[in-house]
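Raw contents of run-v3.txt, compact mmCIF, N, CA and C atoms:
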```txt
# COMPACT_ATOMS: atom_id res chain seq x y z
N GLU A 1 -35.72 -9.74 186.92
CA GLU A 1 -35.64 -10.32 188.25
C GLU A 1 -36.16 -11.74 188.19
N TYR A 2 -35.52 -12.63 188.94
CA TYR A 2 -35.92 -14.04 188.96
C TYR A 2 -37.29 -14.16 189.58
N MET A 3 -38.19 -14.87 188.92
CA MET A 3 -39.57 -14.92 189.36
C MET A 3 -39.92 -16.22 190.08
N GLY A 4 -39.05 -17.21 190.09
CA GLY A 4 -39.41 -18.48 190.69
C GLY A 4 -40.43 -19.20 189.82
N VAL A 5 -41.47 -19.75 190.44
CA VAL A 5 -42.49 -20.51 189.71
C VAL A 5 -43.63 -19.58 189.34
N MET A 6 -44.01 -19.61 188.07
CA MET A 6 -45.13 -18.80 187.61
C MET A 6 -46.42 -19.57 187.76
N GLU A 7 -47.51 -18.85 187.82
CA GLU A 7 -48.83 -19.48 187.83
C GLU A 7 -49.05 -20.18 186.49
N GLY A 8 -49.88 -21.21 186.46
CA GLY A 8 -50.11 -22.00 185.26
C GLY A 8 -50.52 -21.19 184.05
N SER A 9 -51.47 -20.26 184.19
CA SER A 9 -51.94 -19.48 183.05
C SER A 9 -50.85 -18.52 182.57
N ASP A 10 -50.03 -17.97 183.49
CA ASP A 10 -48.94 -17.09 183.09
C ASP A 10 -47.89 -17.85 182.29
N LEU A 11 -47.60 -19.07 182.71
CA LEU A 11 -46.60 -19.88 182.02
C LEU A 11 -47.07 -20.21 180.60
N LEU A 12 -48.35 -20.50 180.44
CA LEU A 12 -48.88 -20.81 179.12
C LEU A 12 -48.85 -19.61 178.19
N SER A 13 -48.98 -18.40 178.75
CA SER A 13 -48.99 -17.21 177.90
C SER A 13 -47.59 -16.65 177.66
N ALA A 14 -46.59 -17.21 178.31
CA ALA A 14 -45.22 -16.70 178.17
C ALA A 14 -44.65 -17.06 176.80
N ASP A 15 -44.02 -16.08 176.17
CA ASP A 15 -43.31 -16.34 174.92
C ASP A 15 -41.98 -17.00 175.25
N ARG A 16 -41.54 -17.86 174.35
CA ARG A 16 -40.29 -18.58 174.55
C ARG A 16 -39.17 -17.90 173.76
N VAL A 17 -38.03 -17.72 174.44
CA VAL A 17 -36.85 -17.13 173.82
C VAL A 17 -35.69 -18.09 174.06
N ARG A 18 -35.00 -18.49 172.98
CA ARG A 18 -33.85 -19.40 173.11
C ARG A 18 -32.57 -18.63 172.85
N ILE A 19 -31.66 -18.70 173.82
CA ILE A 19 -30.38 -18.02 173.74
C ILE A 19 -29.27 -19.08 173.75
N LEU A 20 -28.42 -19.04 172.75
CA LEU A 20 -27.28 -19.94 172.64
C LEU A 20 -26.10 -19.30 173.39
N VAL A 21 -25.41 -20.08 174.21
CA VAL A 21 -24.26 -19.57 174.96
C VAL A 21 -23.03 -20.35 174.50
N VAL A 22 -22.09 -19.66 173.84
CA VAL A 22 -20.93 -20.32 173.25
C VAL A 22 -19.62 -19.66 173.68
N GLY A 23 -18.56 -20.42 173.57
CA GLY A 23 -17.22 -19.95 173.89
C GLY A 23 -16.33 -21.15 174.17
N ASP A 24 -15.04 -20.89 174.32
CA ASP A 24 -14.08 -21.97 174.55
C ASP A 24 -14.38 -22.72 175.85
N THR A 25 -13.83 -23.91 175.94
CA THR A 25 -13.93 -24.71 177.15
C THR A 25 -13.30 -23.98 178.33
N GLY A 26 -14.00 -23.98 179.45
CA GLY A 26 -13.45 -23.44 180.68
C GLY A 26 -13.54 -21.94 180.86
N VAL A 27 -14.29 -21.24 180.02
CA VAL A 27 -14.36 -19.78 180.15
C VAL A 27 -15.43 -19.31 181.14
N GLY A 28 -16.29 -20.22 181.58
CA GLY A 28 -17.30 -19.84 182.57
C GLY A 28 -18.72 -19.73 182.05
N LYS A 29 -19.01 -20.37 180.93
CA LYS A 29 -20.35 -20.29 180.36
C LYS A 29 -21.40 -20.84 181.32
N THR A 30 -21.15 -22.01 181.88
CA THR A 30 -22.10 -22.64 182.78
C THR A 30 -22.30 -21.80 184.04
N SER A 31 -21.23 -21.26 184.57
CA SER A 31 -21.33 -20.41 185.76
C SER A 31 -22.12 -19.15 185.47
N LEU A 32 -21.90 -18.55 184.31
CA LEU A 32 -22.62 -17.34 183.93
C LEU A 32 -24.12 -17.62 183.79
N VAL A 33 -24.46 -18.70 183.11
CA VAL A 33 -25.87 -19.05 182.92
C VAL A 33 -26.53 -19.33 184.27
N HIS A 34 -25.83 -20.05 185.14
CA HIS A 34 -26.38 -20.34 186.46
C HIS A 34 -26.64 -19.05 187.24
N ARG A 35 -25.70 -18.12 187.16
CA ARG A 35 -25.84 -16.83 187.85
C ARG A 35 -27.05 -16.06 187.31
N ILE A 36 -27.24 -16.06 186.00
CA ILE A 36 -28.37 -15.36 185.39
C ILE A 36 -29.69 -16.01 185.79
N CYS A 37 -29.76 -17.32 185.72
CA CYS A 37 -31.02 -18.04 185.95
C CYS A 37 -31.40 -18.18 187.42
N HIS A 38 -30.41 -18.30 188.29
CA HIS A 38 -30.70 -18.59 189.69
C HIS A 38 -30.25 -17.50 190.66
N ASN A 39 -29.62 -16.46 190.12
CA ASN A 39 -29.14 -15.33 190.93
C ASN A 39 -28.24 -15.78 192.09
N GLN A 40 -27.42 -16.77 191.80
CA GLN A 40 -26.45 -17.23 192.78
C GLN A 40 -25.22 -17.81 192.08
N VAL A 41 -24.11 -17.81 192.79
CA VAL A 41 -22.86 -18.33 192.24
C VAL A 41 -22.91 -19.85 192.23
N LEU A 42 -22.44 -20.44 191.15
CA LEU A 42 -22.33 -21.90 191.05
C LEU A 42 -21.07 -22.32 191.80
N LYS A 43 -21.24 -23.02 192.90
CA LYS A 43 -20.11 -23.34 193.78
C LYS A 43 -19.17 -24.39 193.22
N HIS A 44 -19.71 -25.35 192.49
CA HIS A 44 -18.89 -26.45 191.98
C HIS A 44 -19.20 -26.70 190.51
N PRO A 45 -18.72 -25.82 189.61
CA PRO A 45 -19.00 -26.03 188.19
C PRO A 45 -18.29 -27.27 187.66
N VAL A 46 -18.91 -27.90 186.68
CA VAL A 46 -18.32 -29.07 186.02
C VAL A 46 -18.27 -28.80 184.52
N TRP A 47 -17.42 -29.53 183.81
CA TRP A 47 -17.30 -29.37 182.37
C TRP A 47 -18.61 -29.78 181.70
N THR A 48 -19.01 -29.02 180.71
CA THR A 48 -20.22 -29.35 179.94
C THR A 48 -19.83 -30.26 178.79
N ILE A 49 -20.47 -31.42 178.74
CA ILE A 49 -20.26 -32.35 177.64
C ILE A 49 -21.53 -32.31 176.81
N GLY A 50 -21.41 -31.86 175.57
CA GLY A 50 -22.59 -31.68 174.72
C GLY A 50 -23.22 -30.34 175.01
N CYS A 51 -24.30 -30.35 175.78
CA CYS A 51 -24.93 -29.09 176.16
C CYS A 51 -25.74 -29.27 177.43
N THR A 52 -26.06 -28.16 178.05
CA THR A 52 -27.01 -28.13 179.15
C THR A 52 -28.00 -27.01 178.85
N ALA A 53 -29.16 -27.11 179.42
CA ALA A 53 -30.16 -26.06 179.25
C ALA A 53 -30.61 -25.60 180.63
N ASP A 54 -30.80 -24.32 180.76
CA ASP A 54 -31.32 -23.74 182.00
C ASP A 54 -32.32 -22.68 181.59
N VAL A 55 -33.26 -22.39 182.46
CA VAL A 55 -34.31 -21.44 182.11
C VAL A 55 -34.46 -20.35 183.16
N LYS A 56 -34.92 -19.23 182.69
CA LYS A 56 -35.26 -18.11 183.57
C LYS A 56 -36.63 -17.63 183.14
N LEU A 57 -37.53 -17.55 184.07
CA LEU A 57 -38.85 -16.98 183.81
C LEU A 57 -38.75 -15.51 184.15
N HIS A 58 -38.98 -14.69 183.15
CA HIS A 58 -38.70 -13.26 183.28
C HIS A 58 -39.89 -12.45 182.79
N THR A 59 -40.22 -11.40 183.52
CA THR A 59 -41.25 -10.47 183.06
C THR A 59 -40.56 -9.21 182.56
N HIS A 60 -40.82 -8.89 181.31
CA HIS A 60 -40.24 -7.69 180.71
C HIS A 60 -40.80 -6.47 181.43
N SER A 61 -39.91 -5.58 181.89
CA SER A 61 -40.34 -4.45 182.71
C SER A 61 -41.21 -3.44 181.96
N THR A 62 -40.97 -3.23 180.69
CA THR A 62 -41.76 -2.27 179.93
C THR A 62 -43.05 -2.88 179.39
N LEU A 63 -42.95 -4.08 178.86
CA LEU A 63 -44.11 -4.73 178.27
C LEU A 63 -45.02 -5.39 179.31
N ASN A 64 -44.47 -5.62 180.51
CA ASN A 64 -45.18 -6.34 181.56
C ASN A 64 -45.70 -7.67 181.04
N LYS A 65 -44.84 -8.34 180.30
CA LYS A 65 -45.18 -9.61 179.65
C LYS A 65 -44.17 -10.67 180.08
N PRO A 66 -44.64 -11.88 180.41
CA PRO A 66 -43.71 -12.93 180.81
C PRO A 66 -43.00 -13.57 179.61
N PHE A 67 -41.74 -13.91 179.83
CA PHE A 67 -40.95 -14.61 178.84
C PHE A 67 -40.29 -15.82 179.49
N PHE A 68 -40.30 -16.92 178.79
CA PHE A 68 -39.63 -18.15 179.19
C PHE A 68 -38.30 -18.14 178.44
N VAL A 69 -37.22 -17.76 179.12
CA VAL A 69 -35.91 -17.63 178.46
C VAL A 69 -35.12 -18.91 178.70
N GLU A 70 -34.79 -19.59 177.62
CA GLU A 70 -34.05 -20.85 177.67
C GLU A 70 -32.62 -20.59 177.20
N PHE A 71 -31.66 -20.88 178.07
CA PHE A 71 -30.25 -20.73 177.74
C PHE A 71 -29.70 -22.10 177.37
N ILE A 72 -29.16 -22.22 176.16
CA ILE A 72 -28.56 -23.46 175.69
C ILE A 72 -27.05 -23.28 175.82
N ASP A 73 -26.46 -23.89 176.83
CA ASP A 73 -25.04 -23.79 177.15
C ASP A 73 -24.31 -24.89 176.39
N ILE A 74 -23.55 -24.49 175.38
CA ILE A 74 -22.88 -25.43 174.48
C ILE A 74 -21.47 -25.73 174.98
N GLY A 75 -21.14 -27.02 175.09
CA GLY A 75 -19.77 -27.41 175.45
C GLY A 75 -18.79 -26.89 174.42
N GLY A 76 -17.69 -26.31 174.89
CA GLY A 76 -16.76 -25.64 173.99
C GLY A 76 -15.65 -26.50 173.42
N SER A 77 -15.60 -27.76 173.79
CA SER A 77 -14.52 -28.63 173.31
C SER A 77 -14.59 -28.81 171.79
N PRO A 78 -13.44 -28.66 171.11
CA PRO A 78 -13.42 -28.84 169.64
C PRO A 78 -13.90 -30.23 169.19
N LYS A 79 -13.75 -31.23 170.04
CA LYS A 79 -14.15 -32.58 169.61
C LYS A 79 -15.67 -32.73 169.47
N PHE A 80 -16.44 -31.74 169.98
CA PHE A 80 -17.89 -31.79 169.83
C PHE A 80 -18.40 -30.84 168.75
N ALA A 81 -17.51 -30.29 167.94
CA ALA A 81 -17.90 -29.28 166.94
C ALA A 81 -18.98 -29.78 166.00
N LEU A 82 -18.85 -31.00 165.49
CA LEU A 82 -19.84 -31.52 164.55
C LEU A 82 -21.19 -31.78 165.21
N SER A 83 -21.19 -32.25 166.44
CA SER A 83 -22.46 -32.54 167.10
C SER A 83 -23.17 -31.27 167.58
N ARG A 84 -22.46 -30.16 167.70
CA ARG A 84 -23.09 -28.91 168.14
C ARG A 84 -24.10 -28.40 167.12
N GLN A 85 -23.92 -28.72 165.86
CA GLN A 85 -24.78 -28.19 164.79
C GLN A 85 -26.26 -28.44 165.05
N VAL A 86 -26.60 -29.59 165.63
CA VAL A 86 -28.01 -29.92 165.85
C VAL A 86 -28.66 -29.01 166.89
N LEU A 87 -27.85 -28.34 167.70
CA LEU A 87 -28.38 -27.48 168.76
C LEU A 87 -28.57 -26.04 168.29
N TYR A 88 -28.15 -25.73 167.10
CA TYR A 88 -28.12 -24.35 166.62
C TYR A 88 -29.38 -23.92 165.87
N HIS A 89 -30.49 -24.60 166.05
CA HIS A 89 -31.71 -24.26 165.33
C HIS A 89 -32.71 -23.57 166.25
N ASN A 90 -33.54 -22.73 165.68
CA ASN A 90 -34.58 -21.99 166.41
C ASN A 90 -34.00 -21.16 167.55
N ILE A 91 -32.92 -20.48 167.27
CA ILE A 91 -32.24 -19.64 168.25
C ILE A 91 -32.64 -18.17 168.03
N HIS A 92 -32.88 -17.45 169.11
CA HIS A 92 -33.26 -16.04 169.01
C HIS A 92 -32.09 -15.10 169.30
N GLY A 93 -31.05 -15.61 169.95
CA GLY A 93 -29.91 -14.77 170.28
C GLY A 93 -28.72 -15.61 170.71
N VAL A 94 -27.57 -14.96 170.79
CA VAL A 94 -26.33 -15.66 171.14
C VAL A 94 -25.56 -14.84 172.16
N MET A 95 -25.02 -15.51 173.16
CA MET A 95 -24.08 -14.89 174.09
C MET A 95 -22.71 -15.51 173.82
N PHE A 96 -21.75 -14.68 173.44
CA PHE A 96 -20.38 -15.13 173.22
C PHE A 96 -19.61 -14.86 174.50
N VAL A 97 -19.03 -15.91 175.07
CA VAL A 97 -18.37 -15.80 176.37
C VAL A 97 -16.88 -16.07 176.22
N HIS A 98 -16.07 -15.24 176.87
CA HIS A 98 -14.63 -15.48 176.91
C HIS A 98 -14.13 -15.17 178.31
N ASP A 99 -12.91 -15.59 178.61
CA ASP A 99 -12.28 -15.40 179.91
C ASP A 99 -11.27 -14.26 179.79
N LEU A 100 -11.42 -13.22 180.61
CA LEU A 100 -10.51 -12.08 180.55
C LEU A 100 -9.05 -12.48 180.80
N ALA A 101 -8.85 -13.56 181.53
CA ALA A 101 -7.49 -14.02 181.84
C ALA A 101 -6.93 -14.96 180.77
N ASN A 102 -7.72 -15.23 179.74
CA ASN A 102 -7.33 -16.18 178.70
C ASN A 102 -7.44 -15.48 177.35
N ARG A 103 -6.32 -14.90 176.89
CA ARG A 103 -6.33 -14.14 175.63
C ARG A 103 -6.75 -14.99 174.44
N LYS A 104 -6.41 -16.26 174.48
CA LYS A 104 -6.77 -17.14 173.37
C LYS A 104 -8.29 -17.25 173.24
N SER A 105 -9.00 -17.27 174.37
CA SER A 105 -10.46 -17.37 174.31
C SER A 105 -11.06 -16.12 173.67
N TRP A 106 -10.43 -14.97 173.86
CA TRP A 106 -10.86 -13.73 173.21
C TRP A 106 -10.66 -13.84 171.70
N GLY A 107 -9.48 -14.30 171.30
CA GLY A 107 -9.18 -14.46 169.88
C GLY A 107 -10.09 -15.48 169.20
N ASN A 108 -10.51 -16.49 169.93
CA ASN A 108 -11.36 -17.53 169.36
C ASN A 108 -12.81 -17.11 169.18
N LEU A 109 -13.18 -15.93 169.65
CA LEU A 109 -14.56 -15.48 169.45
C LEU A 109 -14.91 -15.36 167.97
N HIS A 110 -13.91 -15.04 167.14
CA HIS A 110 -14.15 -14.98 165.69
C HIS A 110 -14.55 -16.36 165.16
N LYS A 111 -13.90 -17.39 165.67
CA LYS A 111 -14.23 -18.77 165.27
C LYS A 111 -15.66 -19.10 165.68
N TRP A 112 -16.02 -18.68 166.88
CA TRP A 112 -17.38 -18.94 167.35
C TRP A 112 -18.41 -18.17 166.54
N MET A 113 -18.09 -16.92 166.18
CA MET A 113 -19.02 -16.14 165.35
C MET A 113 -19.24 -16.81 164.00
N LYS A 114 -18.16 -17.32 163.43
CA LYS A 114 -18.27 -18.00 162.13
C LYS A 114 -19.13 -19.25 162.26
N GLU A 115 -18.87 -20.05 163.29
CA GLU A 115 -19.64 -21.29 163.48
C GLU A 115 -21.12 -20.97 163.68
N VAL A 116 -21.41 -20.01 164.53
CA VAL A 116 -22.81 -19.65 164.81
C VAL A 116 -23.50 -19.15 163.55
N SER A 117 -22.85 -18.26 162.80
CA SER A 117 -23.50 -17.72 161.60
C SER A 117 -23.67 -18.79 160.52
N GLU A 118 -22.83 -19.80 160.54
CA GLU A 118 -22.93 -20.88 159.55
C GLU A 118 -24.10 -21.81 159.83
N TYR A 119 -24.41 -22.05 161.10
CA TYR A 119 -25.39 -23.07 161.45
C TYR A 119 -26.68 -22.54 162.07
N THR A 120 -26.82 -21.24 162.28
CA THR A 120 -28.04 -20.71 162.88
C THR A 120 -28.72 -19.72 161.95
N ASN A 121 -29.89 -19.28 162.40
CA ASN A 121 -30.62 -18.24 161.71
C ASN A 121 -30.25 -16.86 162.26
N VAL A 122 -29.28 -16.79 163.18
CA VAL A 122 -28.85 -15.54 163.80
C VAL A 122 -27.67 -14.99 163.02
N ARG A 123 -27.73 -13.73 162.67
CA ARG A 123 -26.64 -13.07 161.94
C ARG A 123 -26.04 -12.00 162.82
N SER A 124 -24.74 -11.92 162.83
CA SER A 124 -24.04 -10.93 163.64
C SER A 124 -24.26 -9.53 163.09
N THR A 125 -24.44 -8.59 164.01
CA THR A 125 -24.55 -7.19 163.59
C THR A 125 -23.20 -6.50 163.71
N ARG A 126 -22.20 -7.22 164.20
CA ARG A 126 -20.84 -6.69 164.33
C ARG A 126 -19.88 -7.62 163.61
N SER A 127 -18.83 -7.06 163.08
CA SER A 127 -17.85 -7.89 162.39
C SER A 127 -16.72 -8.31 163.33
N THR A 128 -16.59 -7.61 164.46
CA THR A 128 -15.55 -7.97 165.42
C THR A 128 -16.12 -7.93 166.83
N PRO A 129 -15.60 -8.78 167.72
CA PRO A 129 -16.07 -8.74 169.11
C PRO A 129 -15.62 -7.42 169.77
N THR A 130 -16.41 -6.97 170.73
CA THR A 130 -16.04 -5.79 171.50
C THR A 130 -15.96 -6.17 172.97
N ARG A 131 -15.16 -5.42 173.70
CA ARG A 131 -15.01 -5.70 175.12
C ARG A 131 -15.97 -4.88 175.93
```
Take the structure in this file and express it as structure tokens.
Amino acid sequence: EYMGVMEGSDLLSADRVRILVVGDTGVGKTSLVHRICHNQVLKHPVWTIGCTADVKLHTHSTLNKPFFVEFIDIGGSPKFALSRQVLYHNIHGVMFVHDLANRKSWGNLHKWMKEVSEYTNVRSTRSTPTR
């Protein structure tokens, strides 16, 4: 659940988790991250050039421990492929995003998996995307 602003001591004790959000241009990565972080629909999404970062302060329900979750929303345009590499460090997880109405974006998830595994410390536990 979205917590809003945490108290100073809680924020200092929160562990940081970085999640990379990747997928083709226009599949809704920015809208998804906004929905997760702010619990509301993004009314006027714009194309991501390079990357954007958004955060969610979250308390784990079982551990009762705060986490500072940082979502790194990577622009999906092929022309930024080389510059994306610098953003792929110190990542704890990856969200692969595709558009159900865009079959090509589904097929390109393999390309994204390859790119992520090549430049990050995150390794896929699956060899193929699942729906």
d(atom C of Leu109 (chain A), atom N of Ala81 (chain A)) in Å =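 Pair atom C of Leu109 (chain A) / atom N of Ala81 (chain A) returns 15.2 Å.
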To one decimal place, how far is atom C of Val94 (chain A) from atom N of Thr48 (chain A) in Å?
->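 Taking atom C of Val94 (chain A) and atom N of Thr48 (chain A), their separation equals 17.8 Å.
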Within region 15-91 of chain A, find each residue whose DSSP state, derived from the backbone, is strand (DSSP E or B), and express the selection as number ranges by chain.
-> A: 15-22, 51-60, 65-74
So how far away is atom C of Lys114 (chain A) from atom N of Arg84 (chain A), in Å?
->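 The value is 12.6 Å.
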Test item: residues at most 6 Å from region 67-78 of chain A, only N, CA and C atoms, excluding those fewer than 5 positions along its chain, as a ChimeraX atom specification | /A:14-25,48-60
Pick the closest to Met113 (chain A) from A:Val41, A:Leu100, A:Leu32, A:Met95: which is it, counting only C-alpha atoms?
-> A:Met95
Pick out each residue of region 32-66 of chain A that DSSP on the backbone tags as alpha helix (DSSP H); I need them as a list in words.
-> Leu32, Val33, His34, Arg35, Ile36, Cys37 and His38 of chain A
I need the residues from that last selection saved to file as a PDB file, in the frame of the given file (with N, CA and C atoms), if you can.
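Below is the file part-v4.pdb, written as the result:
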```pdb
ATOM      1  N   LEU A  32     -21.900 -18.550 184.310  1.00  0.00           N
ATOM      2  CA  LEU A  32     -22.620 -17.340 183.930  1.00  0.00           C
ATOM      3  C   LEU A  32     -24.120 -17.620 183.790  1.00  0.00           C
ATOM      4  N   VAL A  33     -24.460 -18.700 183.110  1.00  0.00           N
ATOM      5  CA  VAL A  33     -25.870 -19.050 182.920  1.00  0.00           C
ATOM      6  C   VAL A  33     -26.530 -19.330 184.270  1.00  0.00           C
ATOM      7  N   HIS A  34     -25.830 -20.050 185.140  1.00  0.00           N
ATOM      8  CA  HIS A  34     -26.380 -20.340 186.460  1.00  0.00           C
ATOM      9  C   HIS A  34     -26.640 -19.050 187.240  1.00  0.00           C
ATOM     10  N   ARG A  35     -25.700 -18.120 187.160  1.00  0.00           N
ATOM     11  CA  ARG A  35     -25.840 -16.830 187.850  1.00  0.00           C
ATOM     12  C   ARG A  35     -27.050 -16.060 187.310  1.00  0.00           C
ATOM     13  N   ILE A  36     -27.240 -16.060 186.000  1.00  0.00           N
ATOM     14  CA  ILE A  36     -28.370 -15.360 185.390  1.00  0.00           C
ATOM     15  C   ILE A  36     -29.690 -16.010 185.790  1.00  0.00           C
ATOM     16  N   CYS A  37     -29.760 -17.320 185.720  1.00  0.00           N
ATOM     17  CA  CYS A  37     -31.020 -18.040 185.950  1.00  0.00           C
ATOM     18  C   CYS A  37     -31.400 -18.180 187.420  1.00  0.00           C
ATOM     19  N   HIS A  38     -30.410 -18.300 188.290  1.00  0.00           N
ATOM     20  CA  HIS A  38     -30.700 -18.590 189.690  1.00  0.00           C
ATOM     21  C   HIS A  38     -30.250 -17.500 190.660  1.00  0.00           C
TER      22      HIS A  38
END
```
